[in-house]
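Okay, structure first, notes after.
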Amino acid sequence: MTDITKDAIAPPRSFLSQDAIQVFYRLLAAFLICAALAVLSDSFLSLGNILNVLRQASLTFFIASGLTLVVLTAGLDLSVGANVALSACIAGTVIHKTGSPALGILTGLACGGIVGLLNGIMVTALRIPSFIATYGMLWVLNGLAYWYMAGETLHGFPAGFRQIGSGYLFGLPIPVYLLLVFLGIGTFFAQRTIWGQEIYAIGANPVAARLSGIPVARRLLLVYAVSGTMAGLASIIFLSRLNSAEADIGESLTLPAIAAVLIGGTSLFGGVGTVFGTFIGALILTLVLNGMNLLSVSANWQPLVTGVIVILAVWLDMKTRRRAQ
Amino acid sequence: MREAAAVSTPNPLQRIPGVAMVLVLLIALFSVIAPGFLSAANLSNVLVQSTILTMLALPMTLIIMTEGLDLSMGAVLTLTSLCVAVVSLATKSMLLGLGAGLLVGTAFGVANGWLVAIVGIPPFVATLGTLGMAQGLSLIVSDGQSVVGIPHSVRDIYSATLLGVPVPIVMALVTYAAFHGLLYHTRFGTYIFALGGNREALRYAGLSPNKLLIAVYAIGGAMAGIAGLLMTARMNSGHPTAGLGLEFDAIAAVAVGGTSFERGNGWLLGTLLGVLSVGVLRNGLNLISLPSSVQVASVGVLVIVALFLDGLRSRA
């Protein structure tokens, strides 16, 4: 093969790939928000606040990272917040009853995973559109959590267990280490494994994916189960950080998780996006909410701002992609 | 699927068994296990309590017929209910309160329609975003507190009767008649069928699908405004979580009523029976003193079963 034919076949390569440019824009946005907050508020740049932002972002990231895989397949999991609440309540009870944090953690992860698996079964075997199936699941889980707790609050967990959410290691909060671990695992899984690539393929074109021999139903089951398990993990972090569990803790978690995924550049139409993008998305959202907090804006404004951000993120994403085509 | 959608005339005869059977089964079940369920007082209670849901479920039917969804309805109702409370408290006028509720509701409806039709955001995410916005505005307007001390003229709407029939039921019946006329006897109604079934055909006929879509969502918002008045009257106050999850009951009623999520055909009478099914289910579970949490969970199961059956029908 001569050089000429090679040139004719290979598309001209720009200096940076489209994905890298997208990530760059988002890092720039995060940096600009940081700069603005550093000017507007004295306490933003304090070590305590920055660690707080990272810890907060890690919570959103755990839920959002699993959700990213679901959105990559052009699906949606609206049940993640309610899943966190139910898993936290059940895991908390197990810790109280048995005194064993390890057993509690396993229960929380299993509960989240089973819920995710049920979502996957509804989407694949029963062929219910994912947003409706998981929306129904949201209310089933909500009802179960309220019924199970009957208005009670669980609190007071062993000190060792509480370290997971509120402890430090070499000056960094432990959730931040977990964040780095899961960011690594998620990125590796999505970008460097066959299963990960198959998930992208399913989102980009489900028919082509099926025809090329990808076991679509099994991969979808996996994706929803992972999303549920990550919600279970988030419930453990939540439990150990707040040192208490109530039935309503999940209500304010779903919208931020979806916002993080969408800000991170994962397309609702499937096949485009990265777990790393979601990490930046979680960071940007947390920075905005943290900034509002520092500038003493009432917490009542948070749902409004998150809603606006969700819509802006989708709008921007669609606009830039349309132009790129 | 496209072929089936092109012939989008509803086929009620095929569906009557489904939702009517659900309703009859639920009534039979609760008249056996729930003492007092069949009393006249309780049955009229079920009807009155179903009125707010009726006013949400009917426009939700139209929205779902366009292959859309409005997750913001409950939150918008909360906001309009607060607007009614705040404005009627300040002006002592029920009509001004209703006007404020209608205005805010319609504004949200238009925003939803704009995001879905013009911007092109998938409906469930667009309305999830506006859900957050309406929820946030409700918290901001009320500062997280109940708005109490609203005038009697608002409260009386819920308890008044017209020729012996409670006013909320009259309002729900008028709404049903209006929606029935709109969907089955006007050109606009035909266009709504086409929005879900065959959008291209509308374009070829020289119509703007986008404008029609915005109108459908705007109707949903306006109805949330009127239902907001009823909600404020019923609770005799405005509360920042008054409408929490109501959109879910509305979607449940539509799904149980046999309106398809994928093929653009809807059935208003089915939705009405669906509303009654949800109402009977909640009332019956309440009578056998199961907490509201179990009611929520059981409505969730009802939706998933209904959608599963819908999926079976579409494959058959």
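Labels used: A, B, ... for chains in the order of the structure tokens, numbers from 1 for residues in each chain, and numbers from 1 for ligands as shown.
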- [ ] Taking the DSSP assignment computed from this structure's backbone, write out as number ranges by chain all residues of region 245-320 of chain A that belong to alpha helix (DSSP H).
- [x] A: 254-263, 275-294, 302-320
Each region 54-172 of chain A residue no farther than 6 Å from region 240-250 of chain A, nearest pair in Å, only C-alpha atoms, as CSV:
residue,atom,partner,partner_atom,distance
A:Gly81,CA,A:Gly250,CA,4.3
A:Ala82,CA,A:Gly250,CA,4.9
A:Val84,CA,A:Gly250,CA,5.8
A:Ala85,CA,A:Gly250,CA,4.7
A:Cys89,CA,A:Ala245,CA,5.6
A:Ala145,CA,A:Ala247,CA,5.2
A:Tyr146,CA,A:Ala247,CA,5.2
A:Thr153,CA,A:Glu246,CA,5.1
A:Leu154,CA,A:Ala245,CA,5.1
A:His155,CA,A:Ser244,CA,4.0
A:Gly156,CA,A:Asn243,CA,5.9
A:Arg162,CA,A:Ser240,CA,4.3
A:Gly165,CA,A:Arg241,CA,4.2
A:Ser166,CA,A:Arg241,CA,5.2
Please save N, CA and C atoms of the selected residues as an mmCIF file, in the first residue's frame.
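Done, and the output landed in again_30.cif:
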data_model
loop_
_atom_site.group_PDB
_atom_site.id
_atom_site.type_symbol
_atom_site.label_atom_id
_atom_site.label_comp_id
_atom_site.auth_asym_id
_atom_site.auth_seq_id
_atom_site.Cartn_x
_atom_site.Cartn_y
_atom_site.Cartn_z
ATOM 1 N N GLY A 81 -32.217 7.507 42.712
ATOM 2 C CA GLY A 81 -32.339 8.192 44.003
ATOM 3 C C GLY A 81 -33.113 7.356 45.001
ATOM 4 N N ALA A 82 -34.268 6.834 44.565
ATOM 5 C CA ALA A 82 -35.094 6.014 45.446
ATOM 6 C C ALA A 82 -34.360 4.736 45.816
ATOM 7 N N VAL A 84 -31.099 4.477 46.210
ATOM 8 C CA VAL A 84 -30.156 4.846 47.272
ATOM 9 C C VAL A 84 -30.879 4.841 48.616
ATOM 10 N N ALA A 85 -32.081 5.437 48.653
ATOM 11 C CA ALA A 85 -32.809 5.550 49.920
ATOM 12 C C ALA A 85 -33.138 4.173 50.481
ATOM 13 N N CYS A 89 -31.601 2.357 53.873
ATOM 14 C CA CYS A 89 -32.447 1.962 55.004
ATOM 15 C C CYS A 89 -32.238 0.492 55.349
ATOM 16 N N ALA A 145 -39.678 2.005 50.814
ATOM 17 C CA ALA A 145 -38.799 2.623 51.809
ATOM 18 C C ALA A 145 -39.637 3.275 52.917
ATOM 19 N N TYR A 146 -40.682 4.007 52.528
ATOM 20 C CA TYR A 146 -41.522 4.667 53.538
ATOM 21 C C TYR A 146 -42.233 3.646 54.409
ATOM 22 N N THR A 153 -36.256 7.054 62.014
ATOM 23 C CA THR A 153 -34.926 7.376 61.515
ATOM 24 C C THR A 153 -33.935 6.433 62.175
ATOM 25 N N LEU A 154 -33.059 5.835 61.356
ATOM 26 C CA LEU A 154 -31.996 5.004 61.915
ATOM 27 C C LEU A 154 -30.792 5.901 62.148
ATOM 28 N N HIS A 155 -30.173 5.817 63.326
ATOM 29 C CA HIS A 155 -28.925 6.559 63.445
ATOM 30 C C HIS A 155 -28.001 5.912 64.465
ATOM 31 N N GLY A 156 -26.746 6.380 64.470
ATOM 32 C CA GLY A 156 -25.764 5.825 65.374
ATOM 33 C C GLY A 156 -25.175 4.539 64.830
ATOM 34 N N ARG A 162 -18.340 4.555 60.011
ATOM 35 C CA ARG A 162 -18.516 5.964 59.663
ATOM 36 C C ARG A 162 -17.289 6.542 58.987
ATOM 37 N N GLY A 165 -17.362 7.214 55.055
ATOM 38 C CA GLY A 165 -17.929 8.424 54.467
ATOM 39 C C GLY A 165 -17.292 9.690 54.980
ATOM 40 N N SER A 166 -16.813 9.664 56.247
ATOM 41 C CA SER A 166 -16.364 10.928 56.813
ATOM 42 C C SER A 166 -14.894 10.918 57.211
#
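In this structure, CA of Ile27 (chain B) sits 27.7 Å away from CA of Ala178 (chain B).
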Task: Residues near region 153-160 of chain B, cut-off 12 Å, only C-alpha atoms, skip fewer than 2 positions along chain, as a VMD selection string - done: chain B and resid 45 48 to 49 51 to 52 81 84 to 89 91 to 98 148 to 151 162 to 172 226 to 238
Could the residues in this selection be saved with C-alpha atoms as a compact mmCIF listing (two decimals), in the first residue's frame?
# COMPACT_ATOMS: atom_id res chain seq x y z
CA ASN B 45 -65.70 10.32 48.45
CA VAL B 48 -64.65 13.68 44.65
CA GLN B 49 -61.07 12.67 45.39
CA THR B 51 -61.47 14.94 40.35
CA ILE B 52 -58.00 16.50 40.59
CA SER B 81 -51.78 25.71 43.92
CA VAL B 84 -53.73 30.45 43.88
CA ALA B 85 -53.17 30.52 47.64
CA VAL B 86 -50.78 33.48 47.64
CA VAL B 87 -52.72 35.63 45.15
CA SER B 88 -56.15 34.92 46.63
CA LEU B 89 -54.73 35.64 50.07
CA THR B 91 -56.31 40.11 46.80
CA LYS B 92 -59.18 38.28 48.57
CA SER B 93 -60.33 37.27 45.10
CA MET B 94 -60.78 33.66 44.03
CA LEU B 95 -60.87 34.60 40.35
CA LEU B 96 -57.57 36.48 40.47
CA GLY B 97 -56.08 33.45 42.23
CA LEU B 98 -57.37 31.15 39.51
CA VAL B 148 -52.68 29.39 55.29
CA GLY B 149 -55.62 31.72 55.91
CA ILE B 150 -56.88 31.72 52.33
CA PRO B 151 -60.33 33.23 51.69
CA LEU B 162 -74.59 22.28 42.31
CA LEU B 163 -78.06 20.70 42.10
CA GLY B 164 -76.92 18.23 44.72
CA VAL B 165 -73.74 17.26 42.86
CA PRO B 166 -70.42 18.33 44.42
CA VAL B 167 -68.82 21.14 42.39
CA PRO B 168 -65.48 19.28 41.88
CA ILE B 169 -67.39 16.45 40.18
CA VAL B 170 -69.23 18.95 37.98
CA MET B 171 -65.88 20.49 37.04
CA ALA B 172 -64.40 17.08 36.23
CA ILE B 226 -57.21 24.74 37.22
CA ALA B 227 -56.44 21.60 39.22
CA GLY B 228 -54.21 23.79 41.40
CA LEU B 229 -57.29 25.79 42.41
CA LEU B 230 -59.08 22.57 43.41
CA MET B 231 -56.02 21.39 45.34
CA THR B 232 -55.78 24.64 47.30
CA ALA B 233 -59.53 24.50 47.99
CA ARG B 234 -59.28 20.87 49.11
CA MET B 235 -56.37 21.45 51.49
CA ASN B 236 -57.60 24.89 52.51
CA SER B 237 -53.99 25.99 52.17
CA GLY B 238 -51.07 26.04 49.79
Report as JSON lines: every residue of chain B with an atom at most 10 Å from chain A, its closest pair of atoms, and their distance in Å to one decimal, counting only C-alpha atoms, with rows sorted by chain and ascending residue number.
{"residue": "B:Leu69", "atom": "CA", "partner": "A:Ile132", "partner_atom": "CA", "distance": 9.5}
{"residue": "B:Leu71", "atom": "CA", "partner": "A:Tyr135", "partner_atom": "CA", "distance": 9.6}
{"residue": "B:Leu115", "atom": "CA", "partner": "A:Ile311", "partner_atom": "CA", "distance": 8.3}
{"residue": "B:Val119", "atom": "CA", "partner": "A:Trp315", "partner_atom": "CA", "distance": 6.9}
{"residue": "B:Gly120", "atom": "CA", "partner": "A:Trp315", "partner_atom": "CA", "distance": 8.3}
{"residue": "B:Ile121", "atom": "CA", "partner": "A:Val314", "partner_atom": "CA", "distance": 6.9}
{"residue": "B:Pro122", "atom": "CA", "partner": "A:Leu268", "partner_atom": "CA", "distance": 8.0}
{"residue": "B:Phe124", "atom": "CA", "partner": "A:Phe131", "partner_atom": "CA", "distance": 7.4}
{"residue": "B:Val125", "atom": "CA", "partner": "A:Ile311", "partner_atom": "CA", "distance": 7.8}
{"residue": "B:Ala126", "atom": "CA", "partner": "A:Ile311", "partner_atom": "CA", "distance": 6.3}
{"residue": "B:Thr127", "atom": "CA", "partner": "A:Ile311", "partner_atom": "CA", "distance": 9.1}
{"residue": "B:Leu128", "atom": "CA", "partner": "A:Gly307", "partner_atom": "CA", "distance": 7.4}
{"residue": "B:Gly129", "atom": "CA", "partner": "A:Gly307", "partner_atom": "CA", "distance": 4.1}
{"residue": "B:Thr130", "atom": "CA", "partner": "A:Gly307", "partner_atom": "CA", "distance": 6.0}
{"residue": "B:Leu131", "atom": "CA", "partner": "A:Gly307", "partner_atom": "CA", "distance": 7.1}
{"residue": "B:Gly132", "atom": "CA", "partner": "A:Gly307", "partner_atom": "CA", "distance": 4.6}
{"residue": "B:Met133", "atom": "CA", "partner": "A:Leu304", "partner_atom": "CA", "distance": 3.9}
{"residue": "B:Ala134", "atom": "CA", "partner": "A:Leu304", "partner_atom": "CA", "distance": 6.9}
{"residue": "B:Gln135", "atom": "CA", "partner": "A:Pro303", "partner_atom": "CA", "distance": 6.5}
{"residue": "B:Gly136", "atom": "CA", "partner": "A:Leu304", "partner_atom": "CA", "distance": 4.2}
{"residue": "B:Leu137", "atom": "CA", "partner": "A:Leu304", "partner_atom": "CA", "distance": 6.5}
{"residue": "B:Ser138", "atom": "CA", "partner": "A:Asn300", "partner_atom": "CA", "distance": 8.7}
{"residue": "B:Leu139", "atom": "CA", "partner": "A:Asn300", "partner_atom": "CA", "distance": 5.4}
{"residue": "B:Ile140", "atom": "CA", "partner": "A:Asn300", "partner_atom": "CA", "distance": 5.7}
{"residue": "B:Val141", "atom": "CA", "partner": "A:Asn300", "partner_atom": "CA", "distance": 9.4}
{"residue": "B:Ser142", "atom": "CA", "partner": "A:Asn300", "partner_atom": "CA", "distance": 9.7}
{"residue": "B:Asp143", "atom": "CA", "partner": "A:Asn300", "partner_atom": "CA", "distance": 7.3}
{"residue": "B:Gly144", "atom": "CA", "partner": "A:Asn300", "partner_atom": "CA", "distance": 7.6}
{"residue": "B:Gly245", "atom": "CA", "partner": "A:Trp139", "partner_atom": "CA", "distance": 8.3}
{"residue": "B:Phe248", "atom": "CA", "partner": "A:Gly136", "partner_atom": "CA", "distance": 8.0}
{"residue": "B:Ile251", "atom": "CA", "partner": "A:Ile132", "partner_atom": "CA", "distance": 9.3}
{"residue": "B:Ala252", "atom": "CA", "partner": "A:Gly136", "partner_atom": "CA", "distance": 8.8}
{"residue": "B:Phe261", "atom": "CA", "partner": "A:Pro129", "partner_atom": "CA", "distance": 8.7}
{"residue": "B:Glu262", "atom": "CA", "partner": "A:Pro129", "partner_atom": "CA", "distance": 9.2}
{"residue": "B:Leu290", "atom": "CA", "partner": "A:Trp147", "partner_atom": "CA", "distance": 9.2}
{"residue": "B:Pro291", "atom": "CA", "partner": "A:Trp147", "partner_atom": "CA", "distance": 7.0}
{"residue": "B:Ser292", "atom": "CA", "partner": "A:Gly143", "partner_atom": "CA", "distance": 7.7}
{"residue": "B:Ser293", "atom": "CA", "partner": "A:Gly143", "partner_atom": "CA", "distance": 4.1}
{"residue": "B:Val294", "atom": "CA", "partner": "A:Gly143", "partner_atom": "CA", "distance": 5.4}
{"residue": "B:Gln295", "atom": "CA", "partner": "A:Gly143", "partner_atom": "CA", "distance": 7.3}
{"residue": "B:Val296", "atom": "CA", "partner": "A:Gly143", "partner_atom": "CA", "distance": 5.3}
{"residue": "B:Ala297", "atom": "CA", "partner": "A:Val140", "partner_atom": "CA", "distance": 3.9}
{"residue": "B:Ser298", "atom": "CA", "partner": "A:Val140", "partner_atom": "CA", "distance": 7.0}
{"residue": "B:Val299", "atom": "CA", "partner": "A:Val140", "partner_atom": "CA", "distance": 7.8}
{"residue": "B:Gly300", "atom": "CA", "partner": "A:Gly136", "partner_atom": "CA", "distance": 4.8}
{"residue": "B:Val301", "atom": "CA", "partner": "A:Val140", "partner_atom": "CA", "distance": 6.9}
{"residue": "B:Leu302", "atom": "CA", "partner": "A:Gly136", "partner_atom": "CA", "distance": 8.8}
{"residue": "B:Val303", "atom": "CA", "partner": "A:Gly136", "partner_atom": "CA", "distance": 6.5}
{"residue": "B:Ile304", "atom": "CA", "partner": "A:Gly136", "partner_atom": "CA", "distance": 6.4}
{"residue": "B:Val305", "atom": "CA", "partner": "A:Leu126", "partner_atom": "CA", "distance": 9.5}
{"residue": "B:Leu307", "atom": "CA", "partner": "A:Ile128", "partner_atom": "CA", "distance": 6.4}
{"residue": "B:Phe308", "atom": "CA", "partner": "A:Leu126", "partner_atom": "CA", "distance": 5.8}
{"residue": "B:Leu309", "atom": "CA", "partner": "A:Leu126", "partner_atom": "CA", "distance": 9.0}
{"residue": "B:Asp310", "atom": "CA", "partner": "A:Ile128", "partner_atom": "CA", "distance": 8.8}
{"residue": "B:Gly311", "atom": "CA", "partner": "A:Arg127", "partner_atom": "CA", "distance": 6.6}
{"residue": "B:Leu312", "atom": "CA", "partner": "A:Leu126", "partner_atom": "CA", "distance": 8.4}
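Minimum atom-to-atom distances from A:Ile114, A:Leu316, A:Ala57, A:Val226 to Leu180 (chain A) were compared using only C-alpha atoms, and the lowest value belongs to A:Ala57.
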- [ ] Mind giving me the straight-line distance from CA of Tyr200 (chain A) to CA of Leu179 (chain A) in Å, one decimal?
- [x] 22.6 Å
If we count only C-alpha atoms and set the cut-off at 12 Å, which residues sit around Ile63 (chain B), ignoring sequence neighbours fewer than 6 positions away in its own chain? Please answer as a PDB file with N, CA and C atoms, in the first residue's frame.
ATOM      1  N   LEU B  56     -55.742  16.126  35.516  1.00  0.00           N
ATOM      2  CA  LEU B  56     -54.360  15.939  35.046  1.00  0.00           C
ATOM      3  C   LEU B  56     -54.277  14.804  34.023  1.00  0.00           C
ATOM      4  N   ALA B  57     -55.062  13.762  34.264  1.00  0.00           N
ATOM      5  CA  ALA B  57     -54.916  12.562  33.425  1.00  0.00           C
ATOM      6  C   ALA B  57     -55.447  12.793  32.014  1.00  0.00           C
ATOM      7  N   LEU B  69     -44.452  12.935  27.144  1.00  0.00           N
ATOM      8  CA  LEU B  69     -44.678  12.634  28.554  1.00  0.00           C
ATOM      9  C   LEU B  69     -44.517  13.958  29.285  1.00  0.00           C
ATOM     10  N   ASP B  70     -45.263  14.147  30.360  1.00  0.00           N
ATOM     11  CA  ASP B  70     -45.060  15.361  31.157  1.00  0.00           C
ATOM     12  C   ASP B  70     -44.842  14.970  32.614  1.00  0.00           C
ATOM     13  N   LEU B  71     -43.563  14.879  32.999  1.00  0.00           N
ATOM     14  CA  LEU B  71     -43.243  14.520  34.377  1.00  0.00           C
ATOM     15  C   LEU B  71     -43.400  15.712  35.312  1.00  0.00           C
ATOM     16  N   MET B  73     -45.982  17.687  35.697  1.00  0.00           N
ATOM     17  CA  MET B  73     -47.349  18.076  36.028  1.00  0.00           C
ATOM     18  C   MET B  73     -47.605  18.207  37.530  1.00  0.00           C
ATOM     19  N   GLY B 109     -46.484  24.982  30.698  1.00  0.00           N
ATOM     20  CA  GLY B 109     -46.876  24.106  29.599  1.00  0.00           C
ATOM     21  C   GLY B 109     -46.223  24.529  28.292  1.00  0.00           C
ATOM     22  N   ASN B 112     -42.584  23.659  28.362  1.00  0.00           N
ATOM     23  CA  ASN B 112     -42.405  22.226  28.079  1.00  0.00           C
ATOM     24  C   ASN B 112     -42.521  21.950  26.587  1.00  0.00           C
ATOM     25  N   GLY B 113     -43.585  22.504  25.986  1.00  0.00           N
ATOM     26  CA  GLY B 113     -43.815  22.270  24.566  1.00  0.00           C
ATOM     27  C   GLY B 113     -42.683  22.829  23.719  1.00  0.00           C
ATOM     28  N   VAL B 116     -39.643  20.601  23.984  1.00  0.00           N
ATOM     29  CA  VAL B 116     -39.809  19.326  23.289  1.00  0.00           C
ATOM     30  C   VAL B 116     -39.850  19.541  21.773  1.00  0.00           C
ATOM     31  N   PRO B 123     -38.900  14.341  25.665  1.00  0.00           N
ATOM     32  CA  PRO B 123     -39.886  14.871  26.609  1.00  0.00           C
ATOM     33  C   PRO B 123     -39.602  14.528  28.063  1.00  0.00           C
ATOM     34  N   PHE B 124     -39.168  13.269  28.320  1.00  0.00           N
ATOM     35  CA  PHE B 124     -39.026  12.909  29.727  1.00  0.00           C
ATOM     36  C   PHE B 124     -37.895  13.662  30.404  1.00  0.00           C
ATOM     37  N   THR B 127     -39.148  17.602  30.640  1.00  0.00           N
ATOM     38  CA  THR B 127     -40.110  17.843  31.709  1.00  0.00           C
ATOM     39  C   THR B 127     -39.532  17.495  33.074  1.00  0.00           C
ATOM     40  N   LEU B 183     -61.057  16.155  21.286  1.00  0.00           N
ATOM     41  CA  LEU B 183     -60.266  15.093  20.661  1.00  0.00           C
ATOM     42  C   LEU B 183     -61.026  14.398  19.528  1.00  0.00           C
ATOM     43  N   GLY B 189     -58.325  17.809  17.276  1.00  0.00           N
ATOM     44  CA  GLY B 189     -58.251  16.455  17.820  1.00  0.00           C
ATOM     45  C   GLY B 189     -57.650  15.476  16.828  1.00  0.00           C
ATOM     46  N   ILE B 192     -54.056  15.820  16.729  1.00  0.00           N
ATOM     47  CA  ILE B 192     -53.353  15.200  17.858  1.00  0.00           C
ATOM     48  C   ILE B 192     -53.092  13.726  17.562  1.00  0.00           C
ATOM     49  N   PHE B 193     -54.093  13.043  16.993  1.00  0.00           N
ATOM     50  CA  PHE B 193     -53.864  11.648  16.597  1.00  0.00           C
ATOM     51  C   PHE B 193     -52.693  11.568  15.620  1.00  0.00           C
ATOM     52  N   LEU B 195     -50.199  13.645  15.329  1.00  0.00           N
ATOM     53  CA  LEU B 195     -48.910  13.996  15.954  1.00  0.00           C
ATOM     54  C   LEU B 195     -48.191  12.742  16.427  1.00  0.00           C
ATOM     55  N   GLY B 196     -48.954  11.807  16.990  1.00  0.00           N
ATOM     56  CA  GLY B 196     -48.320  10.590  17.469  1.00  0.00           C
ATOM     57  C   GLY B 196     -48.193   9.565  16.362  1.00  0.00           C
ATOM     58  N   LEU B 212     -48.562  22.674  17.052  1.00  0.00           N
ATOM     59  CA  LEU B 212     -49.583  21.797  17.633  1.00  0.00           C
ATOM     60  C   LEU B 212     -49.072  21.146  18.911  1.00  0.00           C
ATOM     61  N   LEU B 213     -47.804  20.717  18.859  1.00  0.00           N
ATOM     62  CA  LEU B 213     -47.210  20.061  20.021  1.00  0.00           C
ATOM     63  C   LEU B 213     -47.161  21.027  21.203  1.00  0.00           C
ATOM     64  N   ILE B 214     -46.756  22.275  20.938  1.00  0.00           N
ATOM     65  CA  ILE B 214     -46.708  23.273  22.007  1.00  0.00           C
ATOM     66  C   ILE B 214     -48.107  23.466  22.579  1.00  0.00           C
ATOM     67  N   ALA B 215     -49.118  23.501  21.690  1.00  0.00           N
ATOM     68  CA  ALA B 215     -50.491  23.686  22.166  1.00  0.00           C
ATOM     69  C   ALA B 215     -50.895  22.549  23.096  1.00  0.00           C
ATOM     70  N   VAL B 216     -50.517  21.301  22.740  1.00  0.00           N
ATOM     71  CA  VAL B 216     -50.899  20.155  23.570  1.00  0.00           C
ATOM     72  C   VAL B 216     -50.280  20.270  24.965  1.00  0.00           C
ATOM     73  N   TYR B 217     -48.991  20.623  25.015  1.00  0.00           N
ATOM     74  CA  TYR B 217     -48.345  20.765  26.319  1.00  0.00           C
ATOM     75  C   TYR B 217     -48.927  21.954  27.087  1.00  0.00           C
ATOM     76  N   ALA B 218     -49.292  23.031  26.351  1.00  0.00           N
ATOM     77  CA  ALA B 218     -49.868  24.202  27.008  1.00  0.00           C
ATOM     78  C   ALA B 218     -51.203  23.847  27.660  1.00  0.00           C
ATOM     79  N   ILE B 219     -51.994  23.008  26.973  1.00  0.00           N
ATOM     80  CA  ILE B 219     -53.263  22.566  27.563  1.00  0.00           C
ATOM     81  C   ILE B 219     -52.982  21.837  28.881  1.00  0.00           C
ATOM     82  N   GLY B 220     -51.942  20.994  28.870  1.00  0.00           N
ATOM     83  CA  GLY B 220     -51.564  20.283  30.091  1.00  0.00           C
ATOM     84  C   GLY B 220     -51.241  21.243  31.218  1.00  0.00           C
ATOM     85  N   GLY B 221     -50.460  22.297  30.905  1.00  0.00           N
ATOM     86  CA  GLY B 221     -50.098  23.273  31.926  1.00  0.00           C
ATOM     87  C   GLY B 221     -51.318  24.014  32.447  1.00  0.00           C
ATOM     88  N   ALA B 250     -51.363  10.183  37.372  1.00  0.00           N
ATOM     89  CA  ALA B 250     -51.952  10.527  36.076  1.00  0.00           C
ATOM     90  C   ALA B 250     -51.425   9.587  34.995  1.00  0.00           C
ATOM     91  N   ILE B 251     -50.098   9.369  34.992  1.00  0.00           N
ATOM     92  CA  ILE B 251     -49.515   8.459  34.001  1.00  0.00           C
ATOM     93  C   ILE B 251     -50.078   7.054  34.203  1.00  0.00           C
ATOM     94  N   VAL B 254     -53.533   6.832  32.726  1.00  0.00           N
ATOM     95  CA  VAL B 254     -53.483   6.776  31.261  1.00  0.00           C
ATOM     96  C   VAL B 254     -53.032   5.390  30.802  1.00  0.00           C
ATOM     97  N   THR B 259     -54.187   3.739  26.791  1.00  0.00           N
ATOM     98  CA  THR B 259     -53.535   4.598  25.806  1.00  0.00           C
ATOM     99  C   THR B 259     -52.111   4.096  25.610  1.00  0.00           C
ATOM    100  N   SER B 260     -51.716   3.950  24.359  1.00  0.00           N
ATOM    101  CA  SER B 260     -50.415   3.366  24.089  1.00  0.00           C
ATOM    102  C   SER B 260     -49.316   4.422  24.155  1.00  0.00           C
ATOM    103  N   PHE B 261     -48.140   4.011  24.678  1.00  0.00           N
ATOM    104  CA  PHE B 261     -47.027   4.941  24.770  1.00  0.00           C
ATOM    105  C   PHE B 261     -46.261   5.039  23.458  1.00  0.00           C
ATOM    106  N   GLU B 262     -46.552   4.182  22.502  1.00  0.00           N
ATOM    107  CA  GLU B 262     -45.706   4.143  21.320  1.00  0.00           C
ATOM    108  C   GLU B 262     -46.449   4.281  20.003  1.00  0.00           C
ATOM    109  N   GLY B 264     -49.406   6.281  19.354  1.00  0.00           N
ATOM    110  CA  GLY B 264     -50.187   7.469  19.060  1.00  0.00           C
ATOM    111  C   GLY B 264     -51.683   7.277  19.042  1.00  0.00           C
ATOM    112  N   ASN B 265     -52.204   6.256  19.729  1.00  0.00           N
ATOM    113  CA  ASN B 265     -53.660   6.239  19.847  1.00  0.00           C
ATOM    114  C   ASN B 265     -54.081   6.264  21.305  1.00  0.00           C
ATOM    115  N   GLY B 266     -55.039   7.133  21.566  1.00  0.00           N
ATOM    116  CA  GLY B 266     -55.451   7.294  22.951  1.00  0.00           C
ATOM    117  C   GLY B 266     -56.938   7.114  23.086  1.00  0.00           C
ATOM    118  N   LEU B 268     -59.934   8.429  25.714  1.00  0.00           N
ATOM    119  CA  LEU B 268     -60.234   9.266  26.874  1.00  0.00           C
ATOM    120  C   LEU B 268     -61.100   8.547  27.901  1.00  0.00           C
TER     121      LEU B 268
END
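The smallest atom-to-atom distance between Ala38 (chain A) and any of A:His96, A:Leu287, A:Ile121, A:Thr320, using only C-alpha atoms, is found for A:Leu287.
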Task: Residue with smallest distance to Thr61 (chain B) - pool B:Trp114, B:Phe108, B:Trp267, B:Phe30, counting only C-alpha atoms - done: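 Smallest distance to Thr61 (chain B) is found for B:Trp267.
In this model, the gap between CA of Gly265 (chain A) and CA of Ala64 (chain A) comes to 12.4 Å.
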Open item on the list: Need the shell around Ala36 (chain A): protein/DNA/RNA residues with any atom at most 12 Å away, counting only C-alpha atoms. Skip same-chain ones fewer than 6 positions apart. Format as a VMD selection string?
Closed with: chain A and resid 29 to 30 42 44 to 45 287 to 288 291 to 292 295
Would you mind exporting the chosen residues as a PDB file, in the first residue's frame, restricted to C-alpha atoms?
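Listing of selection03.pdb after writing:
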ATOM      1  CA  ALA A  29     -16.030  25.693  32.421  1.00  0.00           C
ATOM      2  CA  ALA A  30     -15.106  24.102  35.743  1.00  0.00           C
ATOM      3  CA  ASP A  42     -13.136  34.317  50.538  1.00  0.00           C
ATOM      4  CA  PHE A  44     -13.961  29.072  48.525  1.00  0.00           C
ATOM      5  CA  LEU A  45     -10.221  28.475  48.213  1.00  0.00           C
ATOM      6  CA  LEU A 287     -19.114  23.667  42.325  1.00  0.00           C
ATOM      7  CA  VAL A 288     -22.258  25.582  41.334  1.00  0.00           C
ATOM      8  CA  GLY A 291     -20.878  28.400  45.306  1.00  0.00           C
ATOM      9  CA  MET A 292     -24.545  29.166  45.912  1.00  0.00           C
ATOM     10  CA  LEU A 295     -22.765  33.135  48.627  1.00  0.00           C
TER      11      LEU A 295
END
